[in-house]
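Since the structure comes first, as structure tokens, the remarks are kept for the end.
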Amino acid sequence: MDKNIVVSGIRPTGKMHLGNYFGALKNFVALQETHKCYFFIADLHALTTAYDKTQTLAQDSRNMLIDWLTAGLDPKKCTMFIQSHVPQISELTTLLGMLTPLGWLLRNPTYKEQLNEIFKKKYAGQTGEAEAVNPTTPTAAAEKMALLTEKEISEMSSFGFLGYPVLMATDILIHKAQYVPVGQDQIAHLEISRDIARRFNDMFKADILVEPKPLLTAIPKVPGLDGRKMSKSYGNTIELGEDVESVRKKVMAMFTDPNKKRASDPGNPDGCTAFAFHKIYNPQACARYEECKSGALGCVACKKQLFELMEPELKAFNERRQVYSQDNALLDKIIKEGAQAAEASAAATLKEVQKTMNLCVK
Ligand code: ADP
Ligand code: TRP
């Protein structure tokens, strides 16, 4: 068996940002040199929440591929594909879904977070019921659900959304991946993938599915412009391919130490977004730390220096992106060949699972 298979995916839910780049994509680019990698555009996962907003899904998927190529993923070194182009993933999801206990899905932190959001909205300003029910157990989550109207539940989540971790487990298990490069936020999902693999092997006394391990990046949490985690949903991003002038404005408006009112005031670089980015772009240049603390470096000058560090890479990225975005024939070829390679690997595992589950295999 191949010892070093890597699988990871990103949902095409909008433009990629520097958080995705430093937290995931840059790691993909390094891993393609050392591992057998399958990287996919998780369009089915995008549908688990945005099933009613699909107008831009196809274009978003292609744009993501353009970003990946621009960042340095090379179809000669790794397999890149669109998740929905590999039908075996949907088939295996159905099979693994049969043996996944509902409790594991109801306990999934992402599911609970969304449930809590709806609850907070519904009971905003009220005390009592909302606080009384704590969704940390499947029963409590079910109790919470019981307090919601049918419309609220259907708006909140679908069968597909609850099953998100089963689909994700399938993505990984279908290629027998040992490693999954992701950010910190995906660890709980990965744990469910491991649990499903173990349950399958135990239940059928088989040694077929491999329990995957996470590969965290050196930068598991890139801050956004406001200091929170950079995320599409917070509107605090710098996008890949964004106009350089627009990035300059964003950098100059970045959140810094609020107590450093004058340039010469001593500042606290810990928790300062501009400093976090200095470290990302130039891990060796920790002189900024001392200069900020002593008051030798003001925030405006610090942010100007930061932009100067970022600008060449951003410009080069934008130029390369322009080239790929005009080469539709190349994109089509990569998408087609990627799907073929991923299907070959997926079909082999699916057949093994079907046989093990005693299905009448064609
Ligand atoms: P978003 O929060 O913007 O919707 P996604 O959830 O689509 O981003 O994340 C795609 C990948 O990028 C995942 O592997 C995730 O762990 C990683 N990632 C996202 N935001 C960050 C961040 N701010 N820092 C580090 N990694 C991140
Ligand atoms: N859940 C991941 C995210 O939100 C995307 C994803 C789907 C994924 N399937 C995967 C990541 C399999 C790694 C492996 O970013």
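Lettering and numbering for the structure tokens are positional, with chains as A, B, ... in the shown order, residues counted from 1 in each chain, and ligands counted from 1 in the shown order.
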Inset, instruction - Enumerate as a PyMOL selection string the residues within 6 Å of ligand 1, counting only C-alpha atoms and all ligand atoms. - result: chain A and resi 10-11+19-20+23-24+182-186+220-223+229-232
Can I get the residues of chain A within 7 Å of ligand 2, each with the closest pair of atoms and their distance in Å to one decimal, using only C-alpha atoms and all ligand atoms, sorted chain first then ascending number, as JSON lines?
```
{"residue": "A:Val7", "atom": "CA", "partner": "ligand 2", "partner_atom_place_in_ligand_line": "14 (C)", "distance": 5.7}
{"residue": "A:Ser8", "atom": "CA", "partner": "ligand 2", "partner_atom_place_in_ligand_line": "13 (C)", "distance": 3.7}
{"residue": "A:Gly9", "atom": "CA", "partner": "ligand 2", "partner_atom_place_in_ligand_line": "8 (C)", "distance": 4.1}
{"residue": "A:Ile10", "atom": "CA", "partner": "ligand 2", "partner_atom_place_in_ligand_line": "5 (C)", "distance": 4.5}
{"residue": "A:Arg11", "atom": "CA", "partner": "ligand 2", "partner_atom_place_in_ligand_line": "5 (C)", "distance": 5.5}
{"residue": "A:Ala42", "atom": "CA", "partner": "ligand 2", "partner_atom_place_in_ligand_line": "7 (C)", "distance": 5.5}
{"residue": "A:His45", "atom": "CA", "partner": "ligand 2", "partner_atom_place_in_ligand_line": "7 (C)", "distance": 6.0}
{"residue": "A:Leu167", "atom": "CA", "partner": "ligand 2", "partner_atom_place_in_ligand_line": "9 (N)", "distance": 6.9}
{"residue": "A:Met168", "atom": "CA", "partner": "ligand 2", "partner_atom_place_in_ligand_line": "9 (N)", "distance": 4.1}
{"residue": "A:Ala169", "atom": "CA", "partner": "ligand 2", "partner_atom_place_in_ligand_line": "12 (C)", "distance": 6.8}
{"residue": "A:Asp171", "atom": "CA", "partner": "ligand 2", "partner_atom_place_in_ligand_line": "12 (C)", "distance": 5.2}
{"residue": "A:Ile172", "atom": "CA", "partner": "ligand 2", "partner_atom_place_in_ligand_line": "12 (C)", "distance": 5.5}
{"residue": "A:Val180", "atom": "CA", "partner": "ligand 2", "partner_atom_place_in_ligand_line": "13 (C)", "distance": 5.8}
{"residue": "A:Pro181", "atom": "CA", "partner": "ligand 2", "partner_atom_place_in_ligand_line": "13 (C)", "distance": 6.7}
{"residue": "A:Val182", "atom": "CA", "partner": "ligand 2", "partner_atom_place_in_ligand_line": "13 (C)", "distance": 6.0}
{"residue": "A:Gln186", "atom": "CA", "partner": "ligand 2", "partner_atom_place_in_ligand_line": "1 (N)", "distance": 6.2}
```
Kindly save the residues from that selection, with C-alpha atoms included, as an mmCIF file, in the first residue's frame.
```
data_model
loop_
_atom_site.group_PDB
_atom_site.id
_atom_site.type_symbol
_atom_site.label_atom_id
_atom_site.label_comp_id
_atom_site.auth_asym_id
_atom_site.auth_seq_id
_atom_site.Cartn_x
_atom_site.Cartn_y
_atom_site.Cartn_z
ATOM 1 C CA VAL A 7 -6.296 14.290 0.343
ATOM 2 C CA SER A 8 -7.775 17.724 0.890
ATOM 3 C CA GLY A 9 -10.577 19.855 -0.486
ATOM 4 C CA ILE A 10 -11.822 23.425 -0.309
ATOM 5 C CA ARG A 11 -15.425 24.519 -0.859
ATOM 6 C CA ALA A 42 -15.641 20.513 -2.838
ATOM 7 C CA HIS A 45 -19.922 20.382 0.238
ATOM 8 C CA LEU A 167 -19.358 13.121 2.757
ATOM 9 C CA MET A 168 -16.062 14.507 4.043
ATOM 10 C CA ALA A 169 -15.068 11.107 5.473
ATOM 11 C CA ASP A 171 -13.638 12.144 0.281
ATOM 12 C CA ILE A 172 -10.713 11.003 2.372
ATOM 13 C CA VAL A 180 -5.247 15.527 5.419
ATOM 14 C CA PRO A 181 -3.826 19.074 5.369
ATOM 15 C CA VAL A 182 -6.431 21.403 6.866
ATOM 16 C CA GLN A 186 -11.534 20.995 10.454
#
```
Inset, instruction - Just the residues within 10 Å of A:Glu33, please, counting only C-alpha atoms, with nothing from its chain fewer than 5 positions along; format it as a list in words. - result: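 Near A:Glu33, the qualifying residues are Phe28, Leu73, Asp74, Lys77 and Cys78 of chain A.
You will find atom CA of A:Lys333 at 22.2 Å from atom CA of A:Met16.
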Output as a CSV table (one decimal) with C-alpha atoms, in the first residue's frame all residues of stretch 28-216 of chain A that backbone DSSP marks as helix (DSSP H, G or I).
```csv
chain,number,residue,atom,x,y,z
A,28,PHE,CA,-0.8,21.8,-0.8
A,29,VAL,CA,1.8,23.3,-3.1
A,30,ALA,CA,4.6,22.0,-0.8
A,31,LEU,CA,3.0,18.5,-0.3
A,43,ASP,CA,-18.7,21.6,-4.8
A,44,LEU,CA,-21.0,19.0,-3.1
A,45,HIS,CA,-19.9,20.4,0.2
A,46,ALA,CA,-20.7,23.9,-1.0
A,47,LEU,CA,-24.2,22.6,-1.7
A,48,THR,CA,-24.7,21.5,1.9
A,49,THR,CA,-25.4,25.1,2.9
A,50,ALA,CA,-25.8,27.1,-0.4
A,57,LEU,CA,-21.2,27.5,-8.4
A,58,ALA,CA,-19.7,26.3,-11.7
A,59,GLN,CA,-17.8,29.6,-12.3
A,60,ASP,CA,-16.6,29.6,-8.6
A,61,SER,CA,-15.3,26.1,-9.1
A,62,ARG,CA,-13.3,27.1,-12.2
A,63,ASN,CA,-12.1,30.2,-10.4
A,64,MET,CA,-10.8,28.1,-7.6
A,65,LEU,CA,-8.9,26.0,-10.0
A,66,ILE,CA,-7.3,29.1,-11.5
A,67,ASP,CA,-6.2,30.2,-8.0
A,68,TRP,CA,-4.7,26.8,-7.4
A,69,LEU,CA,-2.7,26.8,-10.6
A,70,THR,CA,-1.6,30.4,-9.9
A,71,ALA,CA,-0.5,29.4,-6.4
A,83,GLN,CA,-15.8,16.5,-6.3
A,84,SER,CA,-19.1,16.1,-8.2
A,85,HIS,CA,-17.2,14.7,-11.2
A,87,PRO,CA,-19.8,9.7,-8.8
A,88,GLN,CA,-18.2,7.0,-6.6
A,89,ILE,CA,-18.0,9.6,-3.8
A,90,SER,CA,-21.7,10.0,-3.7
A,91,GLU,CA,-22.1,6.2,-3.8
A,92,LEU,CA,-19.7,5.5,-1.0
A,93,THR,CA,-21.3,8.3,1.0
A,94,THR,CA,-24.6,6.5,0.9
A,95,LEU,CA,-23.0,3.3,2.1
A,96,LEU,CA,-21.0,4.9,4.9
A,97,GLY,CA,-24.1,6.9,5.9
A,98,MET,CA,-25.8,3.6,6.7
A,102,LEU,CA,-26.9,9.9,14.1
A,103,GLY,CA,-25.4,10.9,17.5
A,104,TRP,CA,-22.0,11.5,15.9
A,105,LEU,CA,-23.5,13.9,13.5
A,106,LEU,CA,-25.7,15.7,16.0
A,109,PRO,CA,-19.5,21.2,16.6
A,110,THR,CA,-20.2,22.8,13.2
A,111,TYR,CA,-23.7,21.6,13.2
A,112,LYS,CA,-24.2,22.7,16.8
A,113,GLU,CA,-22.8,26.1,16.0
A,114,GLN,CA,-25.3,26.7,13.3
A,115,LEU,CA,-28.1,25.4,15.5
A,116,ASN,CA,-27.0,27.9,18.2
A,117,GLU,CA,-26.9,30.8,15.7
A,118,ILE,CA,-30.6,30.1,14.7
A,119,PHE,CA,-31.5,29.8,18.4
A,120,LYS,CA,-29.8,33.0,19.4
A,121,LYS,CA,-31.6,34.8,16.6
A,122,LYS,CA,-34.9,33.4,17.5
A,129,GLU,CA,-35.9,28.5,27.3
A,130,ALA,CA,-32.9,29.4,25.1
A,131,GLU,CA,-30.4,29.2,28.0
A,132,ALA,CA,-32.1,26.2,29.6
A,138,PRO,CA,-27.7,14.5,21.0
A,139,THR,CA,-30.8,14.5,23.3
A,140,ALA,CA,-30.4,18.2,24.1
A,141,ALA,CA,-29.8,19.0,20.4
A,142,ALA,CA,-33.0,17.1,19.6
A,143,GLU,CA,-34.8,19.1,22.4
A,144,LYS,CA,-33.6,22.3,20.9
A,145,MET,CA,-34.8,21.2,17.4
A,146,ALA,CA,-38.2,20.5,19.0
A,147,LEU,CA,-38.4,24.2,20.0
A,150,GLU,CA,-40.4,23.4,10.8
A,151,LYS,CA,-39.6,26.4,8.6
A,152,GLU,CA,-36.7,27.4,10.9
A,153,ILE,CA,-35.3,23.9,10.9
A,154,SER,CA,-35.5,23.6,7.1
A,155,GLU,CA,-33.9,26.9,6.7
A,156,MET,CA,-31.2,26.0,9.2
A,159,PHE,CA,-30.3,16.1,5.4
A,160,GLY,CA,-27.1,17.0,3.3
A,161,PHE,CA,-25.9,19.5,5.9
A,162,LEU,CA,-26.3,17.0,8.8
A,164,TYR,CA,-21.5,16.9,5.9
A,165,PRO,CA,-19.0,14.8,7.9
A,166,VAL,CA,-20.0,11.6,6.2
A,167,LEU,CA,-19.4,13.1,2.8
A,168,MET,CA,-16.1,14.5,4.0
A,169,ALA,CA,-15.1,11.1,5.5
A,170,THR,CA,-15.8,9.6,2.1
A,171,ASP,CA,-13.6,12.1,0.3
A,172,ILE,CA,-10.7,11.0,2.4
A,173,LEU,CA,-11.4,7.3,2.9
A,184,GLN,CA,-7.6,24.0,12.9
A,185,ASP,CA,-11.3,24.4,12.2
A,186,GLN,CA,-11.5,21.0,10.5
A,187,ILE,CA,-10.1,18.8,13.2
A,188,ALA,CA,-13.6,17.8,14.6
A,189,HIS,CA,-14.6,16.7,11.1
A,190,LEU,CA,-11.5,14.6,10.7
A,191,GLU,CA,-12.1,12.9,14.0
A,192,ILE,CA,-15.5,11.7,12.6
A,193,SER,CA,-13.7,10.4,9.5
A,194,ARG,CA,-11.4,8.3,11.7
A,195,ASP,CA,-14.4,7.0,13.7
A,196,ILE,CA,-16.3,6.0,10.6
A,197,ALA,CA,-13.2,4.1,9.2
A,198,ARG,CA,-12.7,2.3,12.5
A,199,ARG,CA,-16.4,1.4,12.8
A,200,PHE,CA,-16.4,0.0,9.3
A,201,ASN,CA,-13.3,-2.1,9.8
A,202,ASP,CA,-14.5,-3.4,13.2
A,203,MET,CA,-18.0,-4.1,12.0
```
Legend entry - d(atom CA of A:Leu330, atom CA of A:Gly241) in Å: 19.2 Å
Inset, instruction - Please measure the separation of atom CA of A:Ser158 and atom CA of A:Asp52, giving the value in Å to one decimal. - result: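 Distance between the two atoms: 11.4 Å.
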